[in-house]
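coords-v3.txt (compact mmCIF, C-alpha atoms and all ligand atoms) appears below.
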```txt
# COMPACT_ATOMS: atom_id res chain seq x y z
CA MET A 1 -40.55 14.26 10.44
CA LYS A 2 -37.84 13.14 8.02
CA PHE A 3 -34.20 12.90 9.03
CA GLU A 4 -31.11 12.81 6.86
CA ARG A 5 -27.86 11.16 7.84
CA PRO A 6 -25.18 13.62 8.99
CA ARG A 7 -22.83 14.56 6.15
CA GLY A 8 -19.88 12.22 5.72
CA THR A 9 -21.58 9.26 7.41
CA ARG A 10 -23.06 6.10 5.89
CA ASP A 11 -25.49 3.32 6.75
CA PHE A 12 -24.50 -0.21 5.83
CA SER A 13 -27.08 -2.76 4.70
CA PRO A 14 -26.92 -6.40 5.82
CA VAL A 15 -25.40 -7.30 2.43
CA GLU A 16 -22.70 -4.63 2.82
CA MET A 17 -22.05 -5.71 6.41
CA ALA A 18 -21.59 -9.33 5.30
CA GLU A 19 -19.01 -8.15 2.74
CA ARG A 20 -17.27 -5.94 5.28
CA ALA A 21 -17.17 -8.80 7.79
CA CYS A 22 -15.65 -11.02 5.12
CA VAL A 23 -12.78 -8.55 4.48
CA GLU A 24 -12.30 -7.68 8.15
CA GLY A 25 -12.22 -11.38 9.08
CA GLY A 26 -9.66 -12.08 6.34
CA ILE A 27 -7.38 -9.28 7.58
CA ALA A 28 -7.78 -10.40 11.19
CA ASP A 29 -6.70 -13.92 10.17
CA VAL A 30 -3.55 -12.57 8.53
CA VAL A 31 -2.53 -10.22 11.37
CA GLU A 32 -3.27 -12.85 14.01
CA GLY A 33 -1.17 -15.24 11.94
CA PHE A 34 1.73 -12.79 12.50
CA GLY A 35 1.04 -12.90 16.26
CA TYR A 36 -0.79 -9.56 16.64
CA ALA A 37 -3.41 -9.51 19.40
CA ARG A 38 -6.51 -7.32 19.30
CA VAL A 39 -6.95 -4.33 21.61
CA GLU A 40 -9.76 -1.79 21.95
CA THR A 41 -9.46 1.88 22.86
CA PRO A 42 -12.14 4.46 23.71
CA MET A 43 -14.10 6.22 21.00
CA PHE A 44 -13.43 9.56 22.75
CA GLU A 45 -10.30 10.89 24.42
CA HIS A 46 -8.84 14.06 25.88
CA ALA A 47 -8.33 16.23 22.79
CA GLU A 48 -4.79 17.05 23.89
CA LEU A 49 -3.62 13.48 23.32
CA PHE A 50 -3.87 14.01 19.56
CA GLU A 51 -3.03 17.71 19.57
CA LEU A 52 0.39 17.03 21.05
CA LYS A 53 1.94 15.13 18.15
CA SER A 54 -0.53 13.87 15.56
CA GLY A 55 -0.09 17.11 13.61
CA GLY A 56 -2.37 19.76 12.20
CA ASP A 57 -3.56 17.56 9.39
CA VAL A 58 -5.35 15.41 11.93
CA SER A 59 -5.90 17.66 14.95
CA ASP A 60 -7.47 20.48 12.89
CA LYS A 61 -10.07 17.99 11.70
CA MET A 62 -11.06 16.67 15.10
CA TYR A 63 -14.58 16.64 16.51
CA VAL A 64 -13.79 18.45 19.75
CA PHE A 65 -16.41 19.21 22.38
CA GLU A 66 -16.78 19.96 26.04
CA ASP A 67 -18.49 17.23 28.04
CA LYS A 68 -20.90 17.93 30.91
CA GLY A 69 -17.97 17.98 33.34
CA GLY A 70 -16.25 20.73 31.37
CA ARG A 71 -13.54 18.45 29.95
CA ARG A 72 -12.25 19.09 26.43
CA VAL A 73 -12.67 15.76 24.68
CA CYS A 74 -12.71 14.62 21.07
CA LEU A 75 -13.86 11.71 18.97
CA ARG A 76 -10.78 9.71 18.08
CA PRO A 77 -9.31 10.64 14.68
CA GLU A 78 -6.85 7.69 14.80
CA VAL A 79 -5.62 5.06 17.26
CA THR A 80 -1.81 5.19 17.27
CA ALA A 81 -1.69 7.96 19.90
CA GLN A 82 -4.17 5.98 22.02
CA VAL A 83 -2.07 2.82 21.82
CA ALA A 84 1.02 4.87 22.78
CA ARG A 85 -0.94 6.26 25.76
CA MET A 86 -2.09 2.77 26.73
CA PHE A 87 1.45 1.41 26.47
CA ALA A 88 2.90 4.29 28.52
CA SER A 89 0.39 3.70 31.31
CA SER A 90 -0.41 -0.02 31.44
CA LEU A 91 1.14 -2.15 28.70
CA LYS A 92 4.76 -1.25 29.43
CA VAL A 93 5.05 -4.20 31.82
CA PHE A 94 4.26 -6.72 29.07
CA PRO A 95 7.14 -8.62 27.47
CA LYS A 96 8.42 -6.81 24.39
CA PRO A 97 8.10 -6.69 21.48
CA LEU A 98 4.36 -6.32 21.79
CA ARG A 99 2.25 -6.91 18.68
CA LEU A 100 -1.19 -5.28 18.77
CA TYR A 101 -4.00 -4.59 16.32
CA TYR A 102 -7.33 -2.76 16.36
CA ALA A 103 -10.34 -2.21 14.14
CA GLY A 104 -13.05 0.38 14.43
CA PRO A 105 -14.47 3.76 13.47
CA MET A 106 -12.48 7.03 13.38
CA PHE A 107 -13.83 10.55 13.06
CA ARG A 108 -12.38 13.45 11.10
CA TYR A 109 -14.22 16.60 10.08
CA GLU A 110 -13.17 16.50 6.43
CA ARG A 111 -14.81 17.68 3.25
CA PRO A 112 -16.67 14.49 2.30
CA GLN A 113 -16.03 13.00 -1.12
CA LYS A 114 -15.60 9.55 -2.65
CA GLY A 115 -13.34 7.57 -0.31
CA ARG A 116 -13.23 10.33 2.28
CA TYR A 117 -15.75 10.31 5.11
CA ARG A 118 -16.27 11.97 8.46
CA GLN A 119 -16.80 8.60 10.07
CA PHE A 120 -14.56 5.96 8.54
CA TRP A 121 -13.08 2.66 9.62
CA GLN A 122 -9.48 1.66 10.12
CA ILE A 123 -7.78 -1.64 10.84
CA GLY A 124 -4.32 -0.98 12.17
CA VAL A 125 -1.36 -2.69 13.79
CA GLU A 126 1.30 -1.41 16.16
CA LEU A 127 4.56 -3.22 16.89
CA LEU A 128 5.95 -1.82 20.13
CA GLY A 129 9.41 -2.29 21.58
CA ALA A 130 11.26 -3.41 18.45
CA GLN A 131 13.90 -1.31 16.78
CA GLY A 132 15.49 -1.78 13.40
CA SER A 133 14.93 -2.84 9.84
CA LEU A 134 13.58 -6.30 10.56
CA ALA A 135 10.67 -4.81 12.52
CA ASP A 136 10.08 -2.19 9.80
CA ALA A 137 10.08 -4.91 7.15
CA GLU A 138 7.69 -7.07 9.21
CA VAL A 139 4.93 -4.45 9.28
CA ILE A 140 5.39 -3.68 5.57
CA GLN A 141 5.25 -7.38 4.75
CA LEU A 142 2.16 -7.74 6.94
CA ALA A 143 0.36 -4.89 5.13
CA CYS A 144 1.17 -6.51 1.79
CA GLU A 145 -0.02 -9.94 2.87
CA CYS A 146 -3.33 -8.46 4.03
CA LEU A 147 -3.84 -6.75 0.67
CA GLU A 148 -2.87 -9.91 -1.18
CA SER A 149 -5.18 -12.06 0.93
CA ILE A 150 -8.08 -9.89 -0.28
CA GLY A 151 -6.76 -10.30 -3.82
CA LEU A 152 -6.07 -6.59 -4.38
CA GLU A 153 -3.55 -5.13 -6.80
CA TYR A 154 -1.73 -2.19 -5.24
CA GLU A 155 1.42 -0.13 -5.27
CA LEU A 156 3.62 0.14 -2.20
CA LYS A 157 5.83 3.19 -1.61
CA VAL A 158 8.52 3.27 1.06
CA ASN A 159 10.58 6.18 2.33
CA SER A 160 12.61 7.26 5.33
CA LEU A 161 11.64 10.44 7.10
CA GLY A 162 14.98 9.98 8.85
CA VAL A 163 16.63 10.99 5.58
CA LEU A 164 14.48 14.12 5.11
CA ARG A 165 14.55 15.11 8.79
CA GLY A 166 18.29 14.33 9.06
CA LEU A 167 19.02 16.53 6.07
CA MET A 168 16.89 19.36 7.47
CA ASP A 169 18.68 19.03 10.83
CA GLU A 170 21.97 19.48 9.02
CA LEU A 171 20.56 22.45 7.12
CA SER A 172 19.51 23.93 10.52
CA VAL A 173 15.76 23.83 9.81
CA ASP A 174 14.05 23.88 13.22
CA SER A 175 11.47 21.21 14.11
CA ALA A 176 8.41 23.46 13.67
CA ARG A 177 9.55 24.38 10.16
CA GLN A 178 10.41 20.73 9.45
CA ALA A 179 6.81 19.80 10.22
CA ARG A 180 5.58 22.45 7.79
CA VAL A 181 8.02 21.31 5.10
CA LEU A 182 6.92 17.67 5.47
CA GLY A 183 3.27 18.81 5.36
CA LEU A 184 3.94 20.56 2.04
CA ILE A 185 5.79 17.54 0.65
CA ASP A 186 2.89 15.32 1.75
CA LYS A 187 0.58 17.51 -0.31
CA GLY A 188 2.93 17.42 -3.33
CA ASP A 189 3.93 21.09 -3.00
CA PHE A 190 7.68 20.56 -3.55
CA ALA A 191 8.26 24.14 -4.65
CA GLY A 192 6.69 25.41 -1.43
CA ALA A 193 8.87 22.98 0.56
CA ARG A 194 12.02 24.18 -1.22
CA GLY A 195 11.02 27.78 -0.49
CA LEU A 196 10.79 27.01 3.22
CA VAL A 197 14.09 25.12 3.38
CA GLY A 198 15.97 27.54 1.16
CA ASP A 199 18.13 24.76 -0.31
CA THR A 200 17.65 22.75 -3.49
CA LEU A 201 19.16 19.50 -2.19
CA LEU A 202 16.02 18.55 -0.28
CA ALA A 203 13.87 19.14 -3.38
CA ASP A 204 16.27 17.03 -5.47
CA ILE A 205 16.09 14.17 -2.97
CA VAL A 206 12.29 14.40 -2.79
CA GLY A 207 12.18 14.01 -6.58
CA LEU A 208 13.85 10.57 -6.40
CA ARG A 209 11.58 7.61 -7.02
CA GLY A 210 12.15 4.10 -8.27
CA SER A 211 13.68 0.73 -7.39
CA SER A 212 16.19 0.40 -4.55
CA ARG A 213 18.75 1.76 -7.07
CA VAL A 214 17.63 5.30 -6.19
CA LEU A 215 19.06 4.75 -2.70
CA GLY A 216 22.51 4.75 -4.29
CA GLU A 217 21.72 7.98 -6.12
CA ALA A 218 20.52 9.55 -2.88
CA GLY A 219 23.72 8.33 -1.20
CA LYS A 220 25.83 10.20 -3.76
CA MET A 221 23.78 13.37 -3.42
CA LEU A 222 23.95 13.28 0.39
CA GLU A 223 27.70 12.57 0.65
CA GLY A 224 29.19 14.44 3.59
CA TYR A 225 25.89 14.75 5.50
CA GLY A 226 26.14 12.36 8.47
CA LYS A 227 22.56 12.10 9.73
CA PRO A 228 20.66 11.49 6.49
CA VAL A 229 23.32 9.02 5.31
CA LYS A 230 22.81 7.00 8.51
CA ALA A 231 19.04 6.93 7.90
CA LEU A 232 19.71 5.94 4.30
CA LYS A 233 21.71 2.91 5.51
CA GLU A 234 18.70 1.81 7.59
CA ILE A 235 16.27 2.08 4.70
CA GLU A 236 18.77 0.19 2.51
CA GLU A 237 18.74 -2.60 5.05
CA THR A 238 14.92 -2.63 5.12
CA ALA A 239 14.86 -2.71 1.30
CA GLY A 240 17.25 -5.68 1.34
CA ILE A 241 14.99 -7.60 3.73
CA LEU A 242 11.90 -6.77 1.64
CA ASP A 243 13.71 -8.09 -1.44
CA ALA A 244 14.51 -11.32 0.41
CA LEU A 245 10.86 -11.60 1.52
CA ASN A 246 9.68 -11.09 -2.07
CA VAL A 247 7.79 -7.91 -1.22
CA SER A 248 7.50 -5.52 -4.19
CA TYR A 249 7.90 -1.83 -3.44
CA VAL A 250 9.17 1.42 -4.85
CA ILE A 251 11.35 3.85 -2.95
CA ASP A 252 9.70 7.27 -3.06
CA PHE A 253 11.35 10.13 -1.19
CA SER A 254 8.23 12.27 -1.51
CA VAL A 255 6.21 10.08 0.89
CA ALA A 256 6.06 12.39 3.91
CA ARG A 257 2.77 11.26 5.62
CA GLY A 258 0.32 13.67 7.19
CA LEU A 259 1.10 12.84 10.82
CA GLU A 260 3.83 14.47 12.83
CA TYR A 261 4.97 11.64 15.07
CA TYR A 262 6.90 9.66 12.45
CA THR A 263 10.65 9.49 12.96
CA GLY A 264 12.01 6.98 10.45
CA MET A 265 10.65 4.59 7.83
CA VAL A 266 7.26 5.55 6.40
CA PHE A 267 5.16 3.76 3.81
CA GLU A 268 1.89 3.95 1.94
CA ALA A 269 -0.09 1.63 -0.30
CA GLY A 270 -2.17 3.04 -3.12
CA ILE A 271 -4.70 1.53 -5.47
CA GLU A 272 -5.16 2.83 -9.02
CA GLY A 273 -8.69 3.73 -9.95
CA LEU A 274 -9.76 5.00 -6.53
CA GLY A 275 -9.19 8.57 -7.68
CA ALA A 276 -7.91 11.28 -5.37
CA GLN A 277 -8.35 9.11 -2.25
CA LYS A 278 -6.33 6.17 -3.52
CA GLN A 279 -4.22 5.67 -0.42
CA VAL A 280 -5.56 2.56 1.32
CA CYS A 281 -2.84 2.18 3.91
CA GLY A 282 -0.31 4.37 5.66
CA GLY A 283 2.19 3.87 8.42
CA GLY A 284 5.70 4.17 9.70
CA ARG A 285 8.07 4.31 12.63
CA TYR A 286 7.40 6.60 15.58
CA ASP A 287 10.12 6.15 18.20
CA ASN A 288 9.39 9.22 20.36
CA LEU A 289 5.65 9.10 21.01
CA ILE A 290 5.56 6.71 23.98
CA GLY A 291 8.31 8.68 25.75
CA LEU A 292 6.42 11.89 25.05
CA PHE A 293 3.37 10.39 26.79
CA GLY A 294 5.38 9.72 29.94
CA GLY A 295 6.30 6.11 29.14
CA PRO A 296 9.76 4.55 28.86
CA ASP A 297 11.51 5.41 25.56
CA THR A 298 10.17 2.68 23.31
CA PRO A 299 10.65 2.24 19.59
CA ALA A 300 7.43 1.61 17.69
CA VAL A 301 6.21 1.06 14.17
CA GLY A 302 2.78 0.43 12.69
CA PHE A 303 0.23 1.18 10.01
CA ALA A 304 -3.50 1.48 9.43
CA PHE A 305 -5.71 0.48 6.53
CA GLY A 306 -8.50 2.75 5.44
CA PHE A 307 -11.06 -0.02 5.56
CA ASP A 308 -13.74 1.77 3.50
CA ARG A 309 -11.24 2.33 0.72
CA LEU A 310 -10.29 -1.35 0.76
CA MET A 311 -13.96 -2.22 0.29
CA GLU A 312 -14.26 0.23 -2.60
CA ALA A 313 -11.06 -1.15 -4.16
CA ALA A 314 -12.35 -4.73 -3.88
CA ARG A 315 -15.55 -3.68 -5.65
CA LEU A 316 -13.57 -1.84 -8.32
CA GLN A 317 -11.27 -4.79 -8.97
CA GLY A 318 -14.23 -7.17 -9.20
CA ILE A 319 -13.25 -9.26 -6.19
CA GLU A 320 -16.04 -11.54 -5.07
CA LEU A 321 -16.58 -11.18 -1.34
CA LYS A 322 -18.42 -14.26 -0.36
CA HIS A 323 -18.68 -15.86 3.01
CA ASP A 324 -19.34 -19.56 3.46
CA LYS A 325 -22.09 -19.07 6.03
CA LYS A 326 -25.32 -20.89 5.21
CA SER A 327 -28.86 -19.99 6.16
CA VAL A 328 -31.90 -22.20 6.59
CA LEU A 329 -35.62 -21.49 6.92
CA VAL A 330 -37.74 -24.08 8.69
CA VAL A 331 -41.29 -23.99 7.31
CA PRO A 332 -44.34 -25.86 8.67
CA VAL A 333 -46.80 -26.94 5.97
CA ASN A 334 -49.79 -26.09 8.19
CA GLU A 335 -50.65 -24.17 11.33
CA GLN A 336 -50.75 -27.31 13.51
CA LEU A 337 -47.05 -27.90 12.83
CA THR A 338 -45.91 -24.37 13.79
CA THR A 339 -44.69 -25.34 17.25
CA GLU A 340 -43.06 -28.49 15.92
CA ALA A 341 -41.19 -26.38 13.33
CA ALA A 342 -40.02 -23.94 16.04
CA ARG A 343 -38.88 -26.86 18.22
CA LEU A 344 -37.00 -28.45 15.32
CA ALA A 345 -35.36 -25.09 14.44
CA GLY A 346 -34.21 -24.75 18.08
CA GLU A 347 -32.73 -28.24 18.06
CA LEU A 348 -30.96 -27.59 14.76
CA ARG A 349 -29.55 -24.28 15.99
CA ARG A 350 -28.12 -25.90 19.12
CA GLY A 351 -26.64 -28.75 17.08
CA LEU A 352 -25.12 -26.39 14.50
CA ARG A 353 -23.85 -23.71 16.90
CA GLY A 354 -20.35 -22.60 15.92
CA SER A 355 -20.66 -23.95 12.39
CA GLY A 356 -21.76 -20.64 10.87
CA VAL A 357 -25.20 -21.99 9.83
CA SER A 358 -28.10 -19.73 10.80
CA VAL A 359 -31.54 -21.24 11.31
CA MET A 360 -34.74 -19.21 11.07
CA VAL A 361 -38.32 -20.27 11.44
CA GLU A 362 -41.30 -19.14 9.35
CA LEU A 363 -43.33 -16.73 11.45
CA THR A 364 -46.17 -15.53 9.27
CA GLY A 365 -48.33 -18.62 8.68
CA ARG A 366 -48.31 -17.89 4.93
CA LYS A 367 -48.66 -20.60 2.30
CA LEU A 368 -45.71 -22.91 1.64
CA SER A 369 -45.22 -21.50 -1.89
CA LYS A 370 -45.04 -17.96 -0.46
CA SER A 371 -42.48 -19.07 2.15
CA LEU A 372 -40.35 -20.63 -0.57
CA THR A 373 -40.50 -17.44 -2.64
CA TYR A 374 -39.46 -15.42 0.42
CA ALA A 375 -36.55 -17.79 1.15
CA SER A 376 -35.16 -17.59 -2.36
CA GLU A 377 -35.67 -13.81 -2.63
CA ALA A 378 -33.89 -13.34 0.71
CA GLY A 379 -30.95 -15.35 -0.65
CA LEU A 380 -31.24 -18.22 1.86
CA ASP A 381 -29.61 -21.56 1.10
CA TYR A 382 -32.14 -24.14 2.30
CA THR A 383 -35.71 -24.55 3.40
CA VAL A 384 -36.58 -27.40 5.72
CA ILE A 385 -40.22 -28.29 5.11
CA VAL A 386 -42.00 -29.86 8.07
CA GLY A 387 -44.98 -31.96 6.89
CA ASP A 388 -47.25 -34.50 8.66
CA LYS A 389 -46.43 -37.47 6.47
CA GLU A 390 -42.65 -37.10 6.66
CA LEU A 391 -42.71 -36.24 10.35
CA ALA A 392 -44.56 -39.50 11.12
CA GLU A 393 -41.41 -41.21 9.78
CA LYS A 394 -39.12 -38.78 11.65
CA LYS A 395 -38.15 -37.12 8.37
CA VAL A 396 -38.34 -33.68 6.74
CA VAL A 397 -38.00 -32.42 3.17
CA VAL A 398 -34.95 -30.26 2.54
CA LYS A 399 -35.01 -27.95 -0.47
CA ASP A 400 -31.65 -26.70 -1.69
CA LEU A 401 -32.54 -23.26 -3.03
CA ARG A 402 -29.27 -22.69 -4.85
CA GLU A 403 -29.27 -26.01 -6.70
CA GLY A 404 -33.06 -26.24 -6.99
CA ARG A 405 -33.05 -29.84 -5.67
CA GLN A 406 -35.02 -31.41 -2.85
CA GLU A 407 -34.47 -34.48 -0.75
CA THR A 408 -36.12 -36.26 2.16
CA VAL A 409 -33.77 -36.39 5.14
CA GLU A 410 -34.02 -38.12 8.54
CA VAL A 411 -34.42 -35.53 11.33
CA GLY A 412 -31.50 -37.12 13.22
CA LYS A 413 -29.20 -36.56 10.21
CA LEU A 414 -30.45 -33.09 9.32
CA GLY A 415 -27.64 -31.12 11.00
CA GLY A 416 -24.93 -33.07 9.18
CA PHE A 417 -26.83 -32.76 5.91
CA LEU A 418 -26.96 -28.95 6.13
CA LEU A 419 -23.26 -28.48 6.91
P1 LIG A 501 -3.52 7.99 8.24
O1 LIG A 501 -2.71 8.03 6.98
O2 LIG A 501 -4.01 9.27 8.77
O3 LIG A 501 -2.63 7.23 9.31
O4 LIG A 501 -4.75 7.03 8.02
C1 LIG A 501 -4.59 5.70 7.59
C2 LIG A 501 -5.55 5.38 6.46
O5 LIG A 501 -6.88 5.70 6.86
C3 LIG A 501 -5.34 6.23 5.21
O6 LIG A 501 -4.33 5.67 4.40
C4 LIG A 501 -6.69 6.17 4.55
O7 LIG A 501 -6.81 4.98 3.77
C5 LIG A 501 -7.64 6.07 5.73
N1 LIG A 501 -8.33 7.35 5.96
C6 LIG A 501 -7.84 8.46 6.55
N2 LIG A 501 -8.76 9.45 6.58
C7 LIG A 501 -9.88 8.95 5.99
C8 LIG A 501 -11.18 9.47 5.72
N3 LIG A 501 -11.55 10.69 6.08
N4 LIG A 501 -12.09 8.67 5.08
C9 LIG A 501 -11.74 7.40 4.71
N5 LIG A 501 -10.52 6.86 4.95
C10 LIG A 501 -9.60 7.62 5.58
C11 LIG A 501 -3.04 6.98 10.60
O8 LIG A 501 -4.16 7.18 11.00
C12 LIG A 501 -1.97 6.36 11.45
N6 LIG A 501 -2.53 6.18 12.80
C13 LIG A 501 -1.48 5.07 10.87
C14 LIG A 501 -0.40 4.44 11.71
C15 LIG A 501 -0.53 3.41 12.56
N7 LIG A 501 0.86 4.83 11.79
C16 LIG A 501 1.51 4.08 12.66
N8 LIG A 501 0.66 3.22 13.16
```

Using structure tokens, write down the structure from this file.
Ligand code: HAM
Amino acid sequence: MKFERPRGTRDFSPVEMAERACVEGGIADVVEGFGYARVETPMFEHAELFELKSGGDVSDKMYVFEDKGGRRVCLRPEVTAQVARMFASSLKVFPKPLRLYYAGPMFRYERPQKGRYRQFWQIGVELLGAQGSLADAEVIQLACECLESIGLEYELKVNSLGVLRGLMDELSVDSARQARVLGLIDKGDFAGARGLVGDTLLADIVGLRGSSRVLGEAGKMLEGYGKPVKALKEIEETAGILDALNVSYVIDFSVARGLEYYTGMVFEAGIEGLGAQKQVCGGGRYDNLIGLFGGPDTPAVGFAFGFDRLMEAARLQGIELKHDKKSVLVVPVNEQLTTEAARLAGELRRGLRGSGVSVMVELTGRKLSKSLTYASEAGLDYTVIVGDKELAEKKVVVKDLREGRQETVEVGKLGGFLL
């Protein structure tokens, strides 16, 4: 019987996994450097958690099923709602602000295409319990530093949903219609959005894009409208901090995001060349979600990278994803030395634990030349050849497969030599 992978899923080879680990490790280093601590949430949840506020764009795409106990559960389509749930129930007692991050698979029943999968990976951060522009700027700066640490070229777009929502409040657009309008803007259907609002001002604002100068233009257009002007002041402050932190960005009032829980600043990073799915990162402020989940009213802001898209972008931009882990094959020259080789490999492994060097032992009893061919074809770094003559002098021959050199090394100094 032959099986195919389910649509929208992928297998990853050891080579791909090594590259993914390299990028994930690099991002983890950066976010931990900002003081974010890793959390883990369940792969499935009560479907309602996401239905409440994540918005149709996400909840319509959920894998929902009834478990054997008759509960309506779903595979998680994202993690922000889970972190808000976790904060509302158990993390609220922690000193704030709380900086958290997560990495793992998400599930959305989408039409699969390049860069869009049904199982995909995100790495995200959530900053809980901090209000204001400095917190907004911190998460934007963090996203940029992650992208730069990989070596990626990208474009960052920042907006304030506070401006768009504030204006719609003043134009008496109710919250259900606001969600639909933002959904249309998110999809680039500005005419549809204008039709729903019945006022051209929103469409004019949404058309603004450029350096922080456009904030002044928006200010003039919004004169006399209290709420959106207040939100504009906040985004101006964030822009000022980003300038001081040397973060490059464009203000783009058409960034509406596909999720419903955002209340203020929103941002996205895109990478040219990825095609229709070029957005590699999205996030923003969501100050009402924790309260909605029964927790204390807590301001929050965060973002998530589409990890698979980052990998594709790195490939596209020719970024070499190498890790500095080394691998060694210990090979006995004859059958009598098999146990000795296994013993030596064990000793080496113990001595090198934590250094990132992996030590394997030849298992097949094949000829030395065949073992060496295997080691170089498998991309290993060294072979340690265990022979009678050398062993009598407590030595082994080490062949450096990358450089093509070999050297006789004392067994006692072998670990240090391989590092
Ligand atoms: P999101 O925009 O839905 O936001 O997803 C974040 C990123 O995940 C996207 O920018 C994209 O790169 C990637 N992504 C989404 N769907 C797919 C897919 N089907 N295949 C491949 N990649 C995909 C969120 O999920 C929010 N929870 C982000 C956030 C965190 N906001 C505040 N905190």

Please write out the residues within 8 Å of ligand LIG 501 (chain A) as an MDAnalysis selection string, counting only C-alpha atoms and all ligand atoms. chainID A and resid 58 77:81 107:110 112 115:122 124:126 257:259 262 268:269 277:286 301:310

For the atom pair CA of Gly295 (chain A) and CA of Lys96 (chain A), what is the interatomic distance in Å to one decimal place?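 For CA of Gly295 (chain A) relative to CA of Lys96 (chain A), the distance reads 13.9 Å.
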
If we count all atoms listed in the file, what is near Leu196 (chain A) at a cut-off of 8 Å, once residues fewer than 2 positions away on the same chain are taken out, given as a PyMOL selection string? chain A and resi 177+181+192-194+198

In Å, with one decimal, what is the gap from CA of Leu156 (chain A) to CA of Leu208 (chain A)?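 Calculated distance between CA of Leu156 (chain A) and CA of Leu208 (chain A) is 15.2 Å.
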
For CA of Asp60 (chain A) and CA of Arg7 (chain A), quote the distance in Å rounded to one decimal. 17.8 Å

Measuring atom to atom with all atoms listed in the file, identify which of A:Ser371, A:Thr238, A:Ser358, A:Ser376 is nearest to Glu138 (chain A). A:Thr238

Which polymer residues have any atom within 12 Å of an atom of Asp67 (chain A), counting all atoms listed in the file, with same-chain residues fewer than 6 positions away left out, as a tab-separated table (two decimals) with C-alpha atoms, in the frame of the given file?
```tsv
chain	number	residue	atom	x	y	z
A	44	PHE	CA	-13.43	9.56	22.75
A	45	GLU	CA	-10.30	10.89	24.42
A	46	HIS	CA	-8.84	14.06	25.88
A	47	ALA	CA	-8.33	16.23	22.79
A	73	VAL	CA	-12.67	15.76	24.68
A	74	CYS	CA	-12.71	14.62	21.07
A	75	LEU	CA	-13.86	11.71	18.97
```

Excluding Glu377 (chain A) and any residue of its chain fewer than 6 positions from it, enumerate the residues within 12 Å of it, using all atoms listed in the file, and give them as a list in words.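 The residues that qualify are Lys370, Ser371, Leu401 and Arg402 of chain A.
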
Which one of A:Asn334, A:Arg349, A:Gly129, A:Leu289 sits closest to Phe50 (chain A) if you count all atoms listed in the file?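 Selected residue with least distance to Phe50 (chain A): A:Leu289.
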
Shell around Ala341 (chain A) at 12 Å using only C-alpha atoms, local window under 4 positions removed, as a PDB file with C-alpha atoms, in the frame of the given file:
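Result saved to around-v2.pdb:
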```pdb
ATOM      1  CA  LEU A 329     -35.620 -21.490   6.920  1.00  0.00           C
ATOM      2  CA  VAL A 330     -37.740 -24.080   8.690  1.00  0.00           C
ATOM      3  CA  VAL A 331     -41.290 -23.990   7.310  1.00  0.00           C
ATOM      4  CA  PRO A 332     -44.340 -25.860   8.670  1.00  0.00           C
ATOM      5  CA  VAL A 333     -46.800 -26.940   5.970  1.00  0.00           C
ATOM      6  CA  ASN A 334     -49.790 -26.090   8.190  1.00  0.00           C
ATOM      7  CA  GLU A 335     -50.650 -24.170  11.330  1.00  0.00           C
ATOM      8  CA  GLN A 336     -50.750 -27.310  13.510  1.00  0.00           C
ATOM      9  CA  LEU A 337     -47.050 -27.900  12.830  1.00  0.00           C
ATOM     10  CA  ALA A 345     -35.360 -25.090  14.440  1.00  0.00           C
ATOM     11  CA  GLY A 346     -34.210 -24.750  18.080  1.00  0.00           C
ATOM     12  CA  GLU A 347     -32.730 -28.240  18.060  1.00  0.00           C
ATOM     13  CA  LEU A 348     -30.960 -27.590  14.760  1.00  0.00           C
ATOM     14  CA  VAL A 359     -31.540 -21.240  11.310  1.00  0.00           C
ATOM     15  CA  MET A 360     -34.740 -19.210  11.070  1.00  0.00           C
ATOM     16  CA  VAL A 361     -38.320 -20.270  11.440  1.00  0.00           C
ATOM     17  CA  GLU A 362     -41.300 -19.140   9.350  1.00  0.00           C
ATOM     18  CA  LEU A 363     -43.330 -16.730  11.450  1.00  0.00           C
ATOM     19  CA  GLY A 365     -48.330 -18.620   8.680  1.00  0.00           C
ATOM     20  CA  THR A 383     -35.710 -24.550   3.400  1.00  0.00           C
ATOM     21  CA  VAL A 384     -36.580 -27.400   5.720  1.00  0.00           C
ATOM     22  CA  ILE A 385     -40.220 -28.290   5.110  1.00  0.00           C
ATOM     23  CA  VAL A 386     -42.000 -29.860   8.070  1.00  0.00           C
ATOM     24  CA  GLY A 387     -44.980 -31.960   6.890  1.00  0.00           C
ATOM     25  CA  ASP A 388     -47.250 -34.500   8.660  1.00  0.00           C
ATOM     26  CA  LEU A 391     -42.710 -36.240  10.350  1.00  0.00           C
ATOM     27  CA  VAL A 396     -38.340 -33.680   6.740  1.00  0.00           C
ATOM     28  CA  VAL A 411     -34.420 -35.530  11.330  1.00  0.00           C
TER      29      VAL A 411
END
```

Could you check which of A:Asp243, A:Glu407, A:Glu155, A:Glu260 is closest to Ala179 (chain A), using all atoms listed in the file? A:Glu260

Distance criterion (only C-alpha atoms): nearest to Gly195 (chain A) out of A:Arg180, A:Gly132, A:Gly70, A:Leu100: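 The shortest atom-to-atom distance to Gly195 (chain A) comes from A:Arg180.
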
Leu134 (chain A): which residues within 12 Å, counting all atoms listed in the file, same-chain residues fewer than 2 positions away excluded, as JSON, numbers by chain? {"A": [127, 130, 131, 132, 136, 137, 138, 139, 140, 141, 234, 235, 236, 237, 238, 239, 240, 241, 242, 244, 245, 265, 301]}
